[in-house]
>>> print(open('protein.tsv').read())   # TSV, C-alpha atoms
chain	number	residue	atom	x	y	z
A	7	MET	CA	-8.02	7.67	25.63
A	8	LYS	CA	-4.93	9.81	25.09
A	9	GLY	CA	-2.79	6.76	25.83
A	10	LEU	CA	-4.60	4.71	23.18
A	11	ILE	CA	-4.17	7.36	20.50
A	12	LEU	CA	-0.51	7.62	21.44
A	13	ILE	CA	-0.13	3.85	20.90
A	14	ILE	CA	-1.42	4.17	17.33
A	15	ILE	CA	0.75	7.21	16.56
A	16	SER	CA	3.77	5.61	18.15
A	17	GLY	CA	3.30	2.42	16.11
A	18	ALA	CA	2.71	4.21	12.84
A	19	LEU	CA	5.18	7.09	12.99
A	20	ILE	CA	7.52	7.25	15.98
A	21	ASN	CA	8.64	3.62	16.08
A	22	ASN	CA	7.94	2.91	12.43
A	23	VAL	CA	8.16	-0.82	12.04
A	24	VAL	CA	10.27	-0.77	8.89
A	25	LEU	CA	12.31	2.40	9.11
A	26	ASN	CA	13.02	2.31	12.82
A	27	GLN	CA	12.77	-1.33	13.89
A	28	PHE	CA	13.75	-3.04	10.63
A	29	LEU	CA	10.97	-5.61	10.63
A	30	GLY	CA	9.48	-6.69	7.32
A	31	ILE	CA	12.46	-5.46	5.32
A	32	CYS	CA	12.16	-8.31	2.80
A	33	SER	CA	8.75	-7.33	1.52
A	34	PHE	CA	9.54	-3.63	1.98
A	35	LEU	CA	12.40	-3.94	-0.51
A	36	GLY	CA	10.87	-6.68	-2.65
A	37	VAL	CA	7.32	-5.59	-3.33
A	38	SER	CA	7.80	-1.82	-3.42
A	39	ARG	CA	8.31	-1.65	-7.14
A	40	GLN	CA	4.80	-0.67	-8.11
A	41	MET	CA	2.48	1.62	-6.22
A	42	LYS	CA	-0.55	-0.62	-6.76
A	43	ALA	CA	1.15	-3.79	-5.52
A	44	SER	CA	2.53	-1.95	-2.47
A	45	ALA	CA	-0.88	-0.59	-1.56
A	46	SER	CA	-2.42	-4.08	-1.87
A	47	LEU	CA	0.32	-5.62	0.25
A	48	GLY	CA	-0.19	-2.82	2.78
A	49	GLY	CA	-3.91	-3.61	2.90
A	50	ALA	CA	-3.21	-7.30	3.47
A	51	VAL	CA	-0.66	-6.47	6.18
A	52	ILE	CA	-3.10	-4.19	8.05
A	53	PHE	CA	-5.70	-6.95	7.91
A	54	VAL	CA	-3.42	-9.76	9.08
A	55	ILE	CA	-1.42	-7.88	11.74
A	56	THR	CA	-4.55	-6.49	13.39
A	57	ILE	CA	-6.18	-9.93	13.59
A	58	ALA	CA	-2.92	-11.63	14.60
A	59	SER	CA	-2.30	-9.14	17.44
A	60	ALA	CA	-5.83	-9.71	18.71
A	61	VAL	CA	-5.53	-13.51	18.62
A	62	ALA	CA	-2.01	-13.54	20.06
A	63	SER	CA	-3.03	-11.24	22.91
A	64	LEU	CA	-6.10	-13.38	23.75
A	65	LEU	CA	-4.02	-16.56	23.68
A	66	TYR	CA	-1.25	-15.16	25.83
A	67	ASP	CA	-3.52	-13.63	28.47
A	68	ASN	CA	-5.99	-16.52	28.70
A	69	VAL	CA	-3.94	-19.62	27.95
A	70	LEU	CA	-0.18	-19.18	28.14
A	71	ALA	CA	0.13	-16.80	31.09
A	72	PRO	CA	-2.30	-18.63	33.47
A	73	LEU	CA	-0.56	-21.93	32.73
A	74	GLY	CA	2.87	-20.39	33.33
A	75	MET	CA	3.95	-21.25	29.78
A	76	GLY	CA	5.04	-17.79	28.71
A	77	PHE	CA	8.27	-19.24	27.36
A	78	MET	CA	6.29	-21.08	24.67
A	79	LYS	CA	5.11	-17.80	23.13
A	80	THR	CA	7.45	-17.82	20.13
A	81	ILE	CA	6.38	-21.31	19.00
A	82	VAL	CA	2.69	-20.71	19.68
A	83	PHE	CA	2.59	-17.30	17.99
A	84	ILE	CA	4.35	-18.39	14.81
A	85	LEU	CA	2.05	-21.40	14.39
A	86	VAL	CA	-1.04	-19.33	15.12
A	87	ILE	CA	0.04	-16.71	12.60
A	88	ALA	CA	0.73	-19.33	9.91
A	89	ALA	CA	-2.64	-20.98	10.52
A	90	LEU	CA	-4.41	-17.65	10.69
A	91	VAL	CA	-3.06	-16.54	7.33
A	92	GLN	CA	-4.31	-19.80	5.78
A	93	ILE	CA	-7.76	-19.36	7.33
A	94	VAL	CA	-8.00	-15.73	6.27
A	95	GLU	CA	-7.00	-16.73	2.75
A	96	MET	CA	-9.64	-19.49	2.55
A	97	PHE	CA	-12.31	-17.30	4.12
A	98	LEU	CA	-11.69	-14.42	1.71
A	99	LYS	CA	-11.60	-16.78	-1.26
A	100	LYS	CA	-15.06	-18.07	-0.41
A	101	HIS	CA	-16.83	-15.01	0.96
A	102	SER	CA	-15.31	-11.94	-0.62
A	103	PRO	CA	-13.65	-12.81	-3.91
A	104	GLY	CA	-13.18	-9.08	-4.61
A	105	ILE	CA	-10.84	-8.57	-1.65
A	106	TYR	CA	-9.23	-11.96	-2.30
A	107	LYS	CA	-8.39	-10.92	-5.84
A	108	ALA	CA	-6.77	-7.71	-4.63
A	109	LEU	CA	-4.86	-9.15	-1.63
A	110	GLY	CA	-4.72	-12.88	-2.35
A	111	ILE	CA	-1.22	-13.32	-3.72
A	112	TYR	CA	0.27	-11.26	-0.91
A	113	LEU	CA	-1.28	-13.22	1.93
A	114	PRO	CA	1.19	-16.18	1.92
A	115	LEU	CA	4.10	-13.72	1.84
A	116	ILE	CA	2.93	-12.33	5.15
A	117	THR	CA	3.40	-15.55	7.14
A	118	THR	CA	7.13	-15.08	7.07
A	119	ASN	CA	6.97	-11.32	7.41
A	120	CYS	CA	8.78	-10.77	10.68
A	121	ALA	CA	6.65	-7.70	11.40
A	122	VAL	CA	3.67	-9.89	12.32
A	123	LEU	CA	5.55	-11.98	14.88
A	124	GLY	CA	7.49	-8.90	15.98
A	125	VAL	CA	4.35	-6.96	16.86
A	126	ALA	CA	2.82	-9.89	18.74
A	127	LEU	CA	5.99	-10.32	20.81
A	128	THR	CA	6.40	-6.58	21.45
A	129	ASN	CA	2.81	-6.38	22.71
A	130	VAL	CA	3.53	-9.11	25.25
A	131	GLN	CA	6.82	-7.49	26.22
A	132	ASN	CA	5.11	-4.13	26.83
A	133	GLY	CA	2.38	-5.83	28.86
A	134	TYR	CA	-0.42	-4.46	26.65
A	135	ASN	CA	-3.99	-5.57	27.31
A	136	PHE	CA	-6.33	-6.75	24.51
A	137	ILE	CA	-7.44	-3.32	23.27
A	138	GLN	CA	-3.94	-1.86	23.46
A	139	SER	CA	-2.55	-4.85	21.52
A	140	VAL	CA	-5.11	-4.51	18.73
A	141	LEU	CA	-4.47	-0.78	18.43
A	142	SER	CA	-0.72	-1.24	18.51
A	143	GLY	CA	-1.00	-3.91	15.78
A	144	PHE	CA	-3.18	-1.64	13.69
A	145	GLY	CA	-0.89	1.36	14.14
A	146	THR	CA	2.20	-0.66	13.27
A	147	ALA	CA	0.58	-2.04	10.13
A	148	VAL	CA	-0.50	1.44	9.07
A	149	GLY	CA	3.12	2.51	9.55
A	150	PHE	CA	4.28	-0.36	7.33
A	151	THR	CA	1.76	0.58	4.63
A	152	LEU	CA	2.74	4.23	4.80
A	153	ALA	CA	6.44	3.39	4.45
A	154	ILE	CA	6.04	0.92	1.58
A	155	VAL	CA	3.68	3.17	-0.41
A	156	LEU	CA	6.02	6.15	0.03
A	157	LEU	CA	8.98	4.03	-1.06
A	158	ALA	CA	7.06	2.80	-4.11
A	159	GLY	CA	6.42	6.43	-5.06
A	160	ILE	CA	10.10	7.27	-4.74
A	161	ARG	CA	11.12	4.16	-6.69
A	162	SER	CA	8.87	5.01	-9.61
A	163	ARG	CA	10.93	8.22	-9.96
A	164	ILE	CA	14.25	6.41	-9.48
A	165	GLU	CA	13.41	3.94	-12.27
A	166	GLU	CA	13.47	6.75	-14.79
A	167	SER	CA	16.74	8.29	-13.70
A	168	ASP	CA	20.17	7.50	-15.06
A	169	LEU	CA	22.18	5.97	-12.22
A	170	PRO	CA	25.82	4.85	-12.06
A	171	GLU	CA	25.98	1.11	-12.72
A	172	PRO	CA	26.93	-0.14	-9.20
A	173	LEU	CA	24.07	1.82	-7.61
A	174	ARG	CA	21.32	0.19	-9.66
A	175	GLY	CA	18.97	-2.25	-8.01
A	176	ALA	CA	19.12	-2.77	-4.26
A	177	PRO	CA	21.67	-0.06	-3.25
A	178	ILE	CA	19.70	2.96	-4.44
A	179	VAL	CA	16.55	1.57	-2.79
A	180	LEU	CA	18.45	1.18	0.49
A	181	ILE	CA	19.74	4.75	0.20
A	182	ALA	CA	16.19	6.00	-0.43
A	183	ALA	CA	15.10	4.01	2.65
A	184	ALA	CA	17.91	5.63	4.66
A	185	LEU	CA	16.70	9.10	3.68
A	186	MET	CA	13.12	8.16	4.57
A	187	SER	CA	14.39	6.86	7.88
A	188	ILE	CA	16.09	10.20	8.58
A	189	ALA	CA	12.81	11.97	7.79
A	190	PHE	CA	10.89	9.66	10.13
A	191	MET	CA	13.38	10.40	12.94
A	192	GLY	CA	11.71	13.81	13.04
A	193	PHE	CA	8.57	12.18	14.43
A	194	ALA	CA	10.45	11.22	17.59
A	195	ASP	CA	9.48	14.60	19.05
A	196	LEU	CA	5.81	13.60	18.92
A	197	ALA	CA	6.47	11.26	21.84
A	198	LEU	CA	7.17	14.26	24.09
A	199	VAL	CA	3.79	15.90	23.47
B	5	MET	CA	38.85	-29.86	-1.61
B	6	ASN	CA	37.08	-32.19	0.76
B	7	LYS	CA	33.30	-31.86	0.40
B	8	TYR	CA	32.82	-31.00	4.08
B	9	LEU	CA	35.33	-28.14	3.93
B	10	GLU	CA	33.77	-27.07	0.64
B	11	ARG	CA	30.50	-26.39	2.57
B	12	ILE	CA	32.36	-24.01	4.92
B	13	TYR	CA	33.99	-22.20	1.98
B	14	ASN	CA	30.59	-22.01	0.27
B	15	GLY	CA	28.92	-20.47	3.32
B	16	VAL	CA	31.65	-17.99	4.17
B	17	ILE	CA	32.68	-16.80	0.69
B	18	LYS	CA	30.84	-18.15	-2.32
B	19	GLU	CA	27.27	-17.90	-1.02
B	20	ASN	CA	27.74	-15.58	1.93
B	21	PRO	CA	24.19	-15.21	3.28
B	22	ILE	CA	24.31	-11.45	3.80
B	23	LEU	CA	26.72	-10.20	1.15
B	24	VAL	CA	25.83	-12.53	-1.73
B	25	LEU	CA	22.42	-14.09	-1.05
B	26	MET	CA	21.07	-11.01	0.75
B	27	LEU	CA	19.16	-13.12	3.26
B	28	GLY	CA	18.36	-12.19	6.83
B	29	MET	CA	18.37	-8.44	6.32
B	30	CYS	CA	16.15	-7.67	9.32
B	31	PRO	CA	18.59	-8.74	12.06
B	32	THR	CA	21.53	-7.46	10.03
B	33	LEU	CA	20.10	-3.96	9.91
B	34	ALA	CA	18.70	-4.00	13.42
B	35	VAL	CA	21.45	-5.30	15.69
B	36	SER	CA	24.53	-3.98	13.88
B	37	THR	CA	24.94	-0.96	16.16
B	38	GLN	CA	27.84	-2.49	18.08
B	39	ALA	CA	30.34	-5.13	17.00
B	40	ILE	CA	29.72	-7.21	20.12
B	41	ASN	CA	25.98	-7.39	19.33
B	42	GLY	CA	26.86	-8.55	15.84
B	43	ILE	CA	28.87	-11.45	17.25
B	44	GLY	CA	26.13	-12.31	19.77
B	45	MET	CA	23.43	-12.35	17.11
B	46	GLY	CA	25.66	-14.19	14.65
B	47	LEU	CA	26.56	-16.95	17.08
B	48	SER	CA	22.97	-17.40	18.29
B	49	THR	CA	21.82	-17.73	14.68
B	50	THR	CA	24.68	-20.16	13.95
B	51	ALA	CA	23.67	-22.36	16.90
B	52	VAL	CA	20.04	-22.46	15.75
B	53	LEU	CA	21.08	-23.05	12.14
B	54	ILE	CA	23.34	-26.02	12.97
B	55	CYS	CA	20.75	-27.66	15.25
B	56	SER	CA	17.84	-27.15	12.87
B	57	ASN	CA	19.85	-28.37	9.85
B	58	LEU	CA	20.87	-31.44	11.86
B	59	LEU	CA	17.34	-32.36	12.91
B	60	ILE	CA	15.68	-31.52	9.60
B	61	SER	CA	18.27	-33.53	7.71
B	62	ALA	CA	17.85	-36.47	10.10
B	63	LEU	CA	14.06	-36.35	9.71
B	64	ARG	CA	14.05	-35.66	5.98
B	65	LYS	CA	12.63	-39.10	5.10
B	66	VAL	CA	10.04	-38.98	7.90
B	67	ILE	CA	8.43	-35.56	7.35
B	68	PRO	CA	5.73	-35.72	4.64
B	69	ASP	CA	6.32	-33.29	1.82
B	70	GLN	CA	2.98	-31.46	2.12
B	71	VAL	CA	3.47	-30.41	5.74
B	72	ARG	CA	7.22	-29.82	5.64
B	73	LEU	CA	7.12	-26.04	6.12
B	74	PRO	CA	5.01	-26.13	9.32
B	75	ALA	CA	7.21	-28.97	10.59
B	76	TYR	CA	10.38	-26.94	9.89
B	77	ILE	CA	8.88	-23.91	11.62
B	78	VAL	CA	8.14	-25.93	14.76
B	79	ILE	CA	11.67	-27.38	14.80
B	80	VAL	CA	13.29	-23.97	14.29
B	81	ALA	CA	11.03	-22.28	16.85
B	82	SER	CA	11.91	-24.91	19.48
B	83	PHE	CA	15.65	-24.40	19.00
B	84	VAL	CA	15.18	-20.63	19.06
B	85	THR	CA	13.34	-20.88	22.38
B	86	VAL	CA	16.13	-23.03	23.85
B	87	THR	CA	18.76	-20.57	22.62
B	88	GLU	CA	16.78	-17.62	23.97
B	89	LEU	CA	16.49	-19.16	27.44
B	90	LEU	CA	20.21	-20.04	27.48
B	91	ILE	CA	21.24	-16.50	26.49
B	92	GLU	CA	18.85	-15.01	29.05
B	93	ALA	CA	20.39	-17.20	31.77
B	94	TYR	CA	24.09	-16.94	30.95
B	95	LEU	CA	24.57	-13.72	28.93
B	96	PRO	CA	22.04	-11.22	30.31
B	97	SER	CA	23.80	-8.18	28.84
B	98	ILE	CA	23.64	-9.62	25.30
B	99	TYR	CA	20.04	-10.65	25.97
B	100	SER	CA	18.97	-7.12	26.84
B	101	ALA	CA	20.91	-5.63	23.91
B	102	LEU	CA	19.39	-7.98	21.32
B	103	GLY	CA	15.92	-7.99	22.89
B	104	ILE	CA	13.13	-8.99	20.58
B	105	TYR	CA	15.49	-9.91	17.74
B	106	ILE	CA	16.41	-13.21	19.45
B	107	PRO	CA	12.91	-14.73	19.17
B	108	LEU	CA	12.73	-13.27	15.67
B	109	ILE	CA	15.50	-15.67	14.58
B	110	VAL	CA	12.53	-17.96	13.85
B	111	VAL	CA	11.58	-15.88	10.85
B	112	ASN	CA	15.17	-15.33	9.76
B	113	CYS	CA	15.07	-16.33	6.12
B	114	ILE	CA	18.52	-17.96	6.25
B	115	ILE	CA	17.30	-20.76	8.49
B	116	LEU	CA	14.19	-21.81	6.59
B	117	GLY	CA	16.00	-21.10	3.35
B	118	ARG	CA	18.84	-23.53	4.19
B	119	ALA	CA	16.37	-26.15	5.45
B	120	GLU	CA	14.48	-26.00	2.20
B	121	ALA	CA	17.43	-25.58	-0.15
B	122	TYR	CA	19.96	-27.90	1.48
B	123	ALA	CA	19.15	-29.84	4.65
B	124	ASN	CA	16.12	-31.68	3.28
B	125	LYS	CA	18.16	-33.15	0.43
B	126	HIS	CA	21.55	-33.98	1.99
B	127	SER	CA	23.08	-36.19	4.65
B	128	VAL	CA	23.28	-35.17	8.30
B	129	GLY	CA	27.06	-34.57	8.24
B	130	LEU	CA	26.94	-32.33	5.18
B	131	SER	CA	23.91	-30.42	6.50
B	132	VAL	CA	25.64	-29.68	9.80
B	133	MET	CA	28.71	-28.38	7.93
B	134	ASP	CA	26.43	-26.32	5.70
B	135	GLY	CA	24.82	-24.80	8.80
B	136	LEU	CA	28.24	-24.12	10.29
B	137	GLY	CA	29.54	-22.50	7.09
B	138	MET	CA	26.45	-20.35	6.60
B	139	GLY	CA	26.50	-19.40	10.27
B	140	ILE	CA	30.15	-18.35	10.17
B	141	GLY	CA	29.54	-16.39	6.97
B	142	PHE	CA	26.55	-14.65	8.57
B	143	THR	CA	28.49	-13.89	11.77
B	144	LEU	CA	31.49	-12.47	9.89
B	145	ALA	CA	29.44	-10.24	7.59
B	146	LEU	CA	27.20	-9.06	10.43
B	147	THR	CA	30.17	-8.28	12.68
B	148	LEU	CA	31.86	-6.42	9.83
B	149	ALA	CA	28.77	-4.26	9.26
B	150	ALA	CA	28.45	-3.69	13.00
B	151	ALA	CA	32.13	-2.78	13.35
B	152	VAL	CA	31.88	-0.23	10.51
B	153	ARG	CA	28.81	1.33	12.12
B	154	GLU	CA	30.36	1.36	15.57
B	155	ILE	CA	33.61	2.95	14.37
B	156	LEU	CA	31.86	5.65	12.33
B	157	GLY	CA	29.03	6.21	14.78
B	158	SER	CA	30.68	6.06	18.18
B	159	GLY	CA	34.40	5.99	17.39
B	160	THR	CA	34.86	2.66	19.14
B	161	CYS	CA	35.28	-0.96	18.09
B	162	PHE	CA	34.28	-3.76	20.52
B	163	GLY	CA	33.98	-1.00	23.10
B	164	MET	CA	37.59	0.17	22.67
B	165	ARG	CA	38.22	3.66	21.36
B	166	VAL	CA	39.83	3.56	17.91
B	167	LEU	CA	39.24	7.07	16.60
B	168	PRO	CA	41.21	9.88	18.27
B	169	GLU	CA	39.23	12.06	20.70
B	170	ALA	CA	39.46	15.02	18.35
B	171	VAL	CA	37.42	13.23	15.68
B	172	GLU	CA	33.73	13.78	16.22
B	173	PRO	CA	31.87	10.48	15.51
B	174	ILE	CA	28.95	10.67	13.06
B	175	GLY	CA	26.07	9.77	15.36
B	176	LEU	CA	23.78	9.05	12.42
B	177	PHE	CA	25.57	5.77	11.79
B	178	VAL	CA	24.42	4.15	15.04
B	179	GLN	CA	20.89	5.42	14.40
B	180	PRO	CA	18.50	3.52	12.09
B	181	PRO	CA	19.43	5.39	8.84
B	182	GLY	CA	23.06	4.37	9.25
B	183	ALA	CA	22.09	0.70	8.94
B	184	PHE	CA	20.55	1.25	5.52
B	185	LEU	CA	23.52	3.37	4.41
B	186	VAL	CA	26.19	0.86	5.50
B	187	ILE	CA	24.44	-2.10	3.86
B	188	ALA	CA	23.89	-0.04	0.70
B	189	LEU	CA	27.62	0.77	0.74
B	190	PHE	CA	28.51	-2.94	1.04
B	191	ILE	CA	26.34	-3.86	-1.95
B	192	ILE	CA	27.74	-0.97	-3.98
B	193	ILE	CA	31.25	-2.30	-3.30
B	194	MET	CA	30.16	-5.84	-4.23
B	195	ASN	CA	28.61	-4.53	-7.46
B	196	ALA	CA	31.62	-2.39	-8.28
B	197	ILE	CA	34.04	-5.30	-7.98
B	198	GLY	CA	31.70	-7.38	-10.11
B	199	ILE	CA	30.14	-9.87	-7.70
B	200	LYS	CA	26.49	-10.23	-8.60
B	201	THR	CA	24.26	-10.30	-5.56
B	202	ARG	CA	21.15	-12.40	-5.81
B	203	GLN	CA	18.89	-9.68	-4.52
B	204	ARG	CA	19.39	-7.61	-7.62
B	205	LYS	CA	17.83	-10.19	-9.83
B	206	LEU	CA	14.99	-10.79	-7.42
B	207	VAL	CA	14.24	-7.14	-6.89
B	208	GLU	CA	14.03	-6.77	-10.64
B	209	ASN	CA	11.44	-9.55	-10.75
B	210	GLY	CA	9.43	-7.61	-8.20
B	211	CYS	CA	9.84	-10.58	-5.93
B	212	ASP	CA	10.91	-11.03	-2.39
B	213	GLY	CA	13.03	-14.13	-2.40
B	214	CYS	CA	13.46	-13.76	1.32
B	215	CYS	CA	12.92	-17.41	2.10
B	216	ALA	CA	11.67	-20.72	0.91
B	217	ALA	CA	8.02	-19.95	1.40
B	218	CYS	CA	8.19	-16.64	-0.40
B	219	THR	CA	10.33	-18.03	-3.18
B	220	ALA	CA	7.84	-20.82	-3.78
B	221	ASP	CA	5.16	-18.19	-3.86
B	222	CYS	CA	7.16	-16.11	-6.33
B	223	ASP	CA	7.34	-19.10	-8.66
B	224	ARG	CA	3.59	-19.38	-8.43
B	225	ARG	CA	3.23	-15.71	-9.26
B	226	GLU	CA	5.53	-16.07	-12.24
B	227	ASP	CA	3.35	-18.94	-13.46
B	228	VAL	CA	0.22	-16.84	-13.11
B	229	LYS	CA	1.80	-14.14	-15.24
>>> encode(input="protein.tsv", output="structure tokens")
Amino acid sequence: MKGLILIIISGALINNVVLNQFLGICSFLGVSRQMKASASLGGAVIFVITIASAVASLLYDNVLAPLGMGFMKTIVFILVIAALVQIVEMFLKKHSPGIYKALGIYLPLITTNCAVLGVALTNVQNGYNFIQSVLSGFGTAVGFTLAIVLLAGIRSRIEESDLPEPLRGAPIVLIAAALMSIAFMGFADLALV
Amino acid sequence: MNKYLERIYNGVIKENPILVLMLGMCPTLAVSTQAINGIGMGLSTTAVLICSNLLISALRKVIPDQVRLPAYIVIVASFVTVTELLIEAYLPSIYSALGIYIPLIVVNCIILGRAEAYANKHSVGLSVMDGLGMGIGFTLALTLAAAVREILGSGTCFGMRVLPEAVEPIGLFVQPPGAFLVIALFIIIMNAIGIKTRQRKLVENGCDGCCAACTADCDRREDVK
């Protein structure tokens, strides 16, 4: 039990997917302009990564590994993720239009979000079983959401400030991300508990 | 200038993938802790980029338009797997240093971006040169970022000590925050000398622009607005 909780905490805080492992940087920098959009993207990411980790783990343990085709994992995972995002999009559109309206436009963006593939591959690399993979996916996605929502909050303050010309746009956002990353380094001590 | 050489110039200088187009930020930030990793990552990406541009350009009349993105992804993923196995077999030290970022070349925006923006419209020869130019540009910029981080963070460059012993290296630069700081510094310099990076415009639109798929989606979002 303690191990499982540690997997979630490690995914969300200690090895934060964006600030420590640099996965999903594109959407982290691109969509973090408004708090509402970031929170919606975060919701969509939690949804997709959790499902994708579950499916990838089932596929690897029951199909790829027994057949000795572990080397095919990159191709299989990326196709499964792309198909999965499409299915989730169609399913939500038909059955829960409310959620679709909130998350819909962000779903296609997630196919190429390297965090999804990254988590699936890391789970295999760490030899996680099904439950551990799902929890690790969930924790990682929560970490992504936390980081992007925090950055959106910081950016809403930056927008109003008077910056030197060369710093405007991407540079100041990267500097804010660097400071957040320093703050998140403090969580490394949690691993020792 | 000959149009094949022009592709190389375009990739290295005019549309440098990292410094001007701001594509492929994930591997740039992640593996730039040591200059040698930068070269390893850059060359692996270049190999995949040349092969995928070649095949996609050769098949551009065969692949139906509606399913082109899945087809590109399969082609790219196959070449990435081949590259990964080759690196694992012949360069085990680079393989362990780059780790999970080698399979993640699949989702590197530069590769799908070039397939969509160039290789599916041009001849095989030009597409290969485009891949080569973009790859060299990526490798150079990535190695530069990695060298800056390595010098500031560990006082060495390609493993050789360059700073005198008395100078204490700033460890922060080889840690994750240093990656963000060094790339921010590069863009500040680009902005200060007046070269517009593409990211600035895209960030202002609230859009990703990381790759073909996202860009297409951004257009759709603009239309909805």
>>> closest_residue(input="protein.tsv", among="B:Ser97, B:Thr143, B:Ser36, B:Asn14", to="chain A", atoms="only C-alpha atoms")
B:Ser36
>>> atom_distance(input="protein.tsv", atom1="atom CA of A:Ser16", atom2="atom CA of B:Pro31")
21.5 Å
>>> residues_near_point(input="protein.tsv", point="(31.7, -15.4, 10.1)", cutoff="10 Å", atoms="only C-alpha atoms", output="PDB file with C-alpha atoms, keeping the file's coordinate frame")
ATOM      1  CA  GLY B  15      28.920 -20.470   3.320  1.00  0.00           C
ATOM      2  CA  VAL B  16      31.650 -17.990   4.170  1.00  0.00           C
ATOM      3  CA  ILE B  17      32.680 -16.800   0.690  1.00  0.00           C
ATOM      4  CA  ASN B  20      27.740 -15.580   1.930  1.00  0.00           C
ATOM      5  CA  ILE B  43      28.870 -11.450  17.250  1.00  0.00           C
ATOM      6  CA  GLY B  46      25.660 -14.190  14.650  1.00  0.00           C
ATOM      7  CA  LEU B  47      26.560 -16.950  17.080  1.00  0.00           C
ATOM      8  CA  THR B  50      24.680 -20.160  13.950  1.00  0.00           C
ATOM      9  CA  LEU B 136      28.240 -24.120  10.290  1.00  0.00           C
ATOM     10  CA  GLY B 137      29.540 -22.500   7.090  1.00  0.00           C
ATOM     11  CA  MET B 138      26.450 -20.350   6.600  1.00  0.00           C
ATOM     12  CA  GLY B 139      26.500 -19.400  10.270  1.00  0.00           C
ATOM     13  CA  ILE B 140      30.150 -18.350  10.170  1.00  0.00           C
ATOM     14  CA  GLY B 141      29.540 -16.390   6.970  1.00  0.00           C
ATOM     15  CA  PHE B 142      26.550 -14.650   8.570  1.00  0.00           C
ATOM     16  CA  THR B 143      28.490 -13.890  11.770  1.00  0.00           C
ATOM     17  CA  LEU B 144      31.490 -12.470   9.890  1.00  0.00           C
ATOM     18  CA  ALA B 145      29.440 -10.240   7.590  1.00  0.00           C
ATOM     19  CA  LEU B 146      27.200  -9.060  10.430  1.00  0.00           C
ATOM     20  CA  THR B 147      30.170  -8.280  12.680  1.00  0.00           C
ATOM     21  CA  LEU B 148      31.860  -6.420   9.830  1.00  0.00           C
TER      22      LEU B 148
END
>>> closest_residue(input="protein.tsv", among="A:Gln27, A:Thr56, A:Ser46, A:Gln138", to="chain B", atoms="all atoms listed in the file")
A:Gln27
>>> closest_atom_pairs(input="protein.tsv", of="chain A", to="chain B", cutoff="7 Å", atoms="all atoms listed in the file", output="CSV")
residue,atom,partner,partner_atom,distance
A:Leu25,CA,B:Pro180,CA,7.0
A:Asn26,CA,B:Pro180,CA,5.7
A:Gln27,CA,B:Ala34,CA,6.5
A:Phe28,CA,B:Cys30,CA,5.4
A:Leu29,CA,B:Cys30,CA,5.7
A:Ile31,CA,B:Cys30,CA,5.9
A:Cys32,CA,B:Cys214,CA,5.8
A:Ser33,CA,B:Asp212,CA,5.8
A:Gly36,CA,B:Asp212,CA,4.4
A:Val37,CA,B:Gly210,CA,5.7
A:Arg39,CA,B:Gly210,CA,6.2
A:Thr80,CA,B:Pro107,CA,6.3
A:Ile81,CA,B:Ala81,CA,5.2
A:Leu115,CA,B:Cys218,CA,5.5
A:Thr118,CA,B:Val111,CA,5.9
A:Cys120,CA,B:Val111,CA,5.8
A:Gly124,CA,B:Leu108,CA,6.8
A:Pro172,CA,B:Asn195,CA,5.0
A:Leu173,CA,B:Ile192,CA,5.9
A:Gly175,CA,B:Arg204,CA,5.4
A:Ala176,CA,B:Arg204,CA,5.9
A:Pro177,CA,B:Ala188,CA,4.5
A:Leu180,CA,B:Phe184,CA,5.5
A:Ile181,CA,B:Leu185,CA,5.8
A:Ala183,CA,B:Phe184,CA,6.7
A:Ala184,CA,B:Pro181,CA,4.5
A:Leu185,CA,B:Pro181,CA,6.9
A:Ser187,CA,B:Pro181,CA,5.3
A:Ile188,CA,B:Pro181,CA,5.9
